[in-house]
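Student: Enclosed is the structure file upload_12.pdb (PDB, C-alpha atoms).
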```pdb
ATOM      1  CA  MET A 165     302.263 299.749  14.132
ATOM      2  CA  GLY A 166     300.941 297.089  16.464
ATOM      3  CA  GLY A 167     297.360 296.053  16.544
ATOM      4  CA  TRP A 168     295.252 293.584  18.311
ATOM      5  CA  ARG A 169     292.756 291.194  17.016
ATOM      6  CA  VAL A 170     289.776 289.896  18.895
ATOM      7  CA  GLN A 171     289.629 286.108  18.953
ATOM      8  CA  ARG A 172     286.069 285.098  18.054
ATOM      9  CA  SER A 173     284.459 281.767  18.672
ATOM     10  CA  ALA A 174     283.648 279.660  15.625
ATOM     11  CA  TRP A 175     279.950 280.457  16.205
ATOM     12  CA  GLU A 176     280.594 284.211  15.859
ATOM     13  CA  ASP A 177     283.018 284.247  12.911
ATOM     14  CA  ARG A 178     280.901 285.098   9.880
ATOM     15  CA  PHE A 179     283.784 284.899   7.437
ATOM     16  CA  SER A 180     284.886 281.356   8.169
ATOM     17  CA  GLN A 181     282.360 278.518   8.000
ATOM     18  CA  PRO A 182     282.945 276.252  10.985
ATOM     19  CA  THR A 183     282.486 272.512  11.145
ATOM     20  CA  ASP A 184     279.643 271.083  13.207
ATOM     21  CA  GLN A 185     282.051 270.254  16.012
ATOM     22  CA  GLU A 186     283.722 273.681  15.960
ATOM     23  CA  VAL A 187     280.417 275.528  16.295
ATOM     24  CA  LEU A 188     279.543 273.399  19.361
ATOM     25  CA  SER A 189     283.036 273.482  20.906
ATOM     26  CA  HIS A 190     282.159 276.218  23.425
ATOM     27  CA  TYR A 191     279.632 273.979  25.202
ATOM     28  CA  THR A 192     280.053 272.016  28.391
ATOM     29  CA  ARG A 193     279.413 268.291  28.130
ATOM     30  CA  GLN A 194     275.820 268.790  29.301
ATOM     31  CA  PHE A 195     274.963 271.395  26.651
ATOM     32  CA  ARG A 196     276.823 269.508  23.938
ATOM     33  CA  GLY A 197     274.695 266.459  24.785
ATOM     34  CA  CYS A 198     271.537 268.568  24.506
ATOM     35  CA  ALA A 199     272.620 270.020  21.161
ATOM     36  CA  GLU A 200     273.521 266.594  19.777
ATOM     37  CA  GLY A 201     270.193 265.236  21.037
ATOM     38  CA  ILE A 202     268.281 267.962  19.191
ATOM     39  CA  ARG A 203     270.266 267.286  16.030
ATOM     40  CA  SER A 204     269.568 263.549  16.269
ATOM     41  CA  VAL A 205     265.830 264.094  16.716
ATOM     42  CA  MET A 206     265.633 266.498  13.777
ATOM     43  CA  GLN A 207     267.771 264.327  11.476
ATOM     44  CA  ALA A 208     265.572 261.306  12.250
ATOM     45  CA  LEU A 209     262.421 263.019  10.932
ATOM     46  CA  PRO A 210     261.397 261.690   7.500
ATOM     47  CA  GLY A 211     262.928 263.607   4.603
ATOM     48  CA  MET A 212     264.706 266.114   6.859
ATOM     49  CA  SER A 213     268.072 267.589   5.905
ATOM     50  CA  GLU A 214     270.447 269.557   8.100
ATOM     51  CA  SER A 215     272.748 272.384   7.083
ATOM     52  CA  LEU A 216     274.907 274.814   9.036
ATOM     53  CA  GLU A 217     274.141 278.338   7.815
ATOM     54  CA  TRP A 218     274.997 281.910   8.753
ATOM     55  CA  MET A 219     271.710 283.454   9.949
ATOM     56  CA  GLY A 220     272.991 286.903  10.876
ATOM     57  CA  LEU A 221     272.666 288.505  14.273
ATOM     58  CA  PRO A 222     271.719 287.307  16.832
ATOM     59  CA  TRP A 223     271.694 283.640  15.706
ATOM     60  CA  ARG A 224     274.981 283.601  13.769
ATOM     61  CA  TRP A 225     275.934 280.039  12.675
ATOM     62  CA  THR A 226     272.811 277.933  13.102
ATOM     63  CA  PHE A 227     271.721 274.404  12.209
ATOM     64  CA  VAL A 228     268.827 274.707   9.752
ATOM     65  CA  TYR A 229     266.385 271.862   9.102
ATOM     66  CA  ARG A 230     264.393 271.590   5.892
ATOM     67  CA  ARG A 231     262.120 268.865   4.697
ATOM     68  CA  GLN A 232     263.281 267.784   1.262
ATOM     69  CA  GLY A 233     260.739 268.148  -1.485
ATOM     70  CA  SER A 234     259.662 270.453  -4.224
ATOM     71  CA  SER A 235     259.607 273.445  -1.909
ATOM     72  CA  ASP A 236     262.387 272.456   0.550
ATOM     73  CA  ARG A 237     260.060 273.537   3.333
ATOM     74  CA  LEU A 238     261.747 274.982   6.419
ATOM     75  CA  HIS A 239     260.996 273.051   9.590
ATOM     76  CA  GLY A 240     263.242 274.413  12.294
ATOM     77  CA  TYR A 241     266.516 275.551  13.773
ATOM     78  CA  MET A 242     268.975 274.586  16.465
ATOM     79  CA  VAL A 243     270.738 277.777  17.487
ATOM     80  CA  PRO A 244     273.974 277.135  19.414
ATOM     81  CA  LEU A 245     273.757 280.218  21.644
ATOM     82  CA  PRO A 246     276.597 280.640  24.173
ATOM     83  CA  THR A 247     274.069 280.191  27.006
ATOM     84  CA  GLY A 248     272.820 276.860  25.649
ATOM     85  CA  PRO A 249     271.082 275.457  22.597
ATOM     86  CA  ARG A 250     267.806 277.016  21.432
ATOM     87  CA  TRP A 251     265.408 274.743  19.543
ATOM     88  CA  VAL A 252     262.963 276.521  17.242
ATOM     89  CA  LEU A 253     260.281 274.755  15.198
ATOM     90  CA  SER A 254     257.861 275.806  12.497
ATOM     91  CA  VAL A 255     254.527 274.063  13.067
ATOM     92  CA  SER A 256     251.262 274.520  11.206
ATOM     93  CA  GLN A 257     248.448 276.152  13.230
ATOM     94  CA  ASP A 258     246.167 273.275  12.146
ATOM     95  CA  VAL A 259     248.472 270.750  13.805
ATOM     96  CA  VAL A 260     248.689 272.738  17.032
ATOM     97  CA  GLU A 261     244.897 272.914  17.222
ATOM     98  CA  HIS A 262     244.779 269.092  17.213
ATOM     99  CA  LEU A 263     247.500 268.599  19.830
ATOM    100  CA  SER A 264     246.463 267.696  23.342
ATOM    101  CA  LEU A 265     248.223 270.642  24.976
ATOM    102  CA  LYS A 266     246.893 269.807  28.451
ATOM    103  CA  SER A 267     248.715 266.475  28.472
ATOM    104  CA  MET A 268     252.060 268.035  27.502
ATOM    105  CA  PRO A 269     254.723 268.979  30.018
ATOM    106  CA  ARG A 270     254.272 272.619  31.041
ATOM    107  CA  PRO A 271     257.389 274.034  29.300
ATOM    108  CA  VAL A 272     256.409 272.371  26.019
ATOM    109  CA  ARG A 273     252.801 273.559  26.299
ATOM    110  CA  GLU A 274     253.846 277.134  27.148
ATOM    111  CA  ALA A 275     256.151 277.284  24.125
ATOM    112  CA  PHE A 276     253.190 276.471  21.887
ATOM    113  CA  THR A 277     250.788 278.860  23.590
ATOM    114  CA  SER A 278     253.258 281.763  23.506
ATOM    115  CA  ALA A 279     254.715 280.996  20.053
ATOM    116  CA  THR A 280     255.098 283.720  17.455
ATOM    117  CA  ARG A 281     252.681 283.286  14.565
ATOM    118  CA  VAL A 282     253.758 284.000  10.995
ATOM    119  CA  GLY A 283     250.964 283.306   8.516
ATOM    120  CA  SER A 284     249.620 279.848   9.258
ATOM    121  CA  GLN A 285     252.799 278.733  11.041
ATOM    122  CA  LEU A 286     253.617 278.912  14.749
ATOM    123  CA  TRP A 287     257.233 279.195  15.899
ATOM    124  CA  PRO A 288     257.595 277.663  19.388
ATOM    125  CA  GLN A 289     261.077 277.762  20.880
ATOM    126  CA  TRP A 290     262.862 276.228  23.836
ATOM    127  CA  ASP A 291     266.128 277.148  25.521
ATOM    128  CA  VAL A 292     267.250 273.601  26.218
ATOM    129  CA  GLN A 293     269.143 272.950  29.439
ATOM    130  CA  THR A 294     268.740 269.171  29.878
ATOM    131  CA  LYS A 295     268.399 266.018  27.810
ATOM    132  CA  ALA A 296     264.985 265.510  29.451
ATOM    133  CA  GLN A 297     263.769 268.673  27.693
ATOM    134  CA  VAL A 298     264.969 267.260  24.372
ATOM    135  CA  LEU A 299     262.959 264.095  25.024
ATOM    136  CA  GLU A 300     259.822 266.084  25.954
ATOM    137  CA  VAL A 301     259.830 268.012  22.667
ATOM    138  CA  ALA A 302     260.810 264.884  20.726
ATOM    139  CA  GLY A 303     257.732 263.167  22.165
ATOM    140  CA  VAL A 304     255.519 265.870  20.680
ATOM    141  CA  LEU A 305     257.230 265.565  17.284
ATOM    142  CA  GLU A 306     256.696 261.801  17.310
ATOM    143  CA  SER A 307     252.982 262.291  17.909
ATOM    144  CA  VAL A 308     252.351 264.474  14.855
ATOM    145  CA  ASP A 309     252.235 263.704  11.156
ATOM    146  CA  ILE A 310     255.372 265.474   9.908
ATOM    147  CA  GLU A 311     253.873 266.108   6.463
ATOM    148  CA  GLN A 312     250.908 267.899   8.011
ATOM    149  CA  ALA A 313     253.047 269.644  10.641
ATOM    150  CA  VAL A 314     255.232 271.479   8.156
ATOM    151  CA  GLY A 315     252.344 272.369   5.902
ATOM    152  CA  THR A 316     253.402 270.592   2.730
TER     153      THR A 316
END
```
Can the structure from this file be put into structure tokens for me?
Tutor:
Amino acid sequence: MGGWRVQRSAWEDRFSQPTDQEVLSHYTRQFRGCAEGIRSVMQALPGMSESLEWMGLPWRWTFVYRRQGSSDRLHGYMVPLPTGPRWVLSVSQDVVEHLSLKSMPRPVREAFTSATRVGSQLWPQWDVQTKAQVLEVAGVLESVDIEQAVGT
């Protein structure tokens, strides 16, 4: 009896943990550069660790960022969606209230103003298409106190 098997991308295959490079292998050079830029920014934050974890549907294999400490506080995600990387952050409402939203680039500002709120945390997200977008969000991260931002 013959059968067929659907070939899944590394990002979709729940039962086989991919390497970092395998999970990004479906990207064009432009999107791979964006994804690597996000990863570099997140890894450069003080005390931040990166892991590749299965997050279920629809995010599947996702890069998860936690600030090391007694509570291993979650800080964000880089979701390697087939359409391009999605950058999701967890930011304290107190920090957002002190940001100068008017001086931010419009896409960054709109992500904060339309972010989902869970408790005292806001979850802004960006579907990143260019390295310039990575730099815009990175500029905001550089301007905040990371310890206050993640609510430690």
Student: What's the 12 Å shell around A:Met268, counting all atoms listed in the file, without same-chain residues fewer than 2 positions away, as a list in words?
Tutor: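 Near A:Met268, the qualifying residues are Val260, Leu263, Ser264, Leu265, Lys266, Arg270, Pro271, Val272, Arg273, Glu274, Ala275, Phe276, Thr277, Gln297, Leu299, Glu300, Val301, Ala302, Gly303, Val304, Leu305 and Ser307 of chain A.
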Student: I'd like the contact shell of A:Ser213 - 12 Å cut-off, all atoms listed in the file, skipping same-chain residues fewer than 2 positions apart - returned as a compact mmCIF listing (two decimals) with C-alpha atoms, in the coordinates of the input.
Tutor:
```txt
# COMPACT_ATOMS: atom_id res chain seq x y z
CA ARG A 203 270.27 267.29 16.03
CA SER A 204 269.57 263.55 16.27
CA VAL A 205 265.83 264.09 16.72
CA MET A 206 265.63 266.50 13.78
CA GLN A 207 267.77 264.33 11.48
CA ALA A 208 265.57 261.31 12.25
CA LEU A 209 262.42 263.02 10.93
CA PRO A 210 261.40 261.69 7.50
CA GLY A 211 262.93 263.61 4.60
CA SER A 215 272.75 272.38 7.08
CA LEU A 216 274.91 274.81 9.04
CA PHE A 227 271.72 274.40 12.21
CA VAL A 228 268.83 274.71 9.75
CA TYR A 229 266.38 271.86 9.10
CA ARG A 230 264.39 271.59 5.89
CA ARG A 231 262.12 268.86 4.70
CA GLN A 232 263.28 267.78 1.26
CA GLY A 233 260.74 268.15 -1.48
CA ASP A 236 262.39 272.46 0.55
CA ARG A 237 260.06 273.54 3.33
CA LEU A 238 261.75 274.98 6.42
CA HIS A 239 261.00 273.05 9.59
CA GLY A 240 263.24 274.41 12.29
CA TYR A 241 266.52 275.55 13.77
```
Student: Would you list the contacts of A:Val282 as a PyMOL selection string, taking every protein, DNA or RNA residue within 10 Å and counting all atoms listed in the file, but skipping same-chain residues closer than 3 positions in sequence?
Tutor: chain A and resi 254+256-257+279+285-287
Student: Mind pulling up the distance from atom CA of A:Trp290 to atom CA of A:Arg250?
Tutor: 5.6 Å
Student: Tell me, in Å to one decimal, how far atom CA of A:Gln185 is from atom CA of A:Glu306.
Tutor: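 Interatomic distance, atom CA of A:Gln185 to atom CA of A:Glu306: 26.8 Å.
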Student: Would you compute the distance between atom CA of A:Pro246 and atom CA of A:Leu188? Give it in Å to one decimal.
Tutor: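 Interatomic distance, atom CA of A:Pro246 to atom CA of A:Leu188: 9.2 Å.
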Student: Could you expand the PyMOL selection byres ((chain A and resi 225) around 8) into the explicit residues it covers here, written as a list in words?
Tutor: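 Applying the expression gives Trp175, Glu176, Arg178, Val187, Leu216, Glu217, Trp218, Met219, Gly220, Trp223, Arg224, Thr226, Phe227, Val243 and Pro244 of chain A.
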Student: Nearest to A:Pro249 among A:Gln293, A:Thr183, A:Gln194, A:Thr280, with distances taken over all atoms listed in the file: which residue is it?
Tutor: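 Using all atoms listed in the file, A:Pro249 sits closest to A:Gln293.
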Student: Convert the output of the PyMOL selection byres ((chain A and resi 292) around 10) on the shown file into explicit residues, formatted as a VMD selection string.
Tutor: chain A and resid 195 198 to 199 202 242 247 to 251 289 to 291 293 to 298 301
Student: Using only C-alpha atoms, which of A:Ser278, A:Ser180, A:Ser173, A:Ser267 sits nearest A:Leu245?
Tutor: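 Between A:Ser278, A:Ser180, A:Ser173, A:Ser267, the residue approaching A:Leu245 most closely is A:Ser173.
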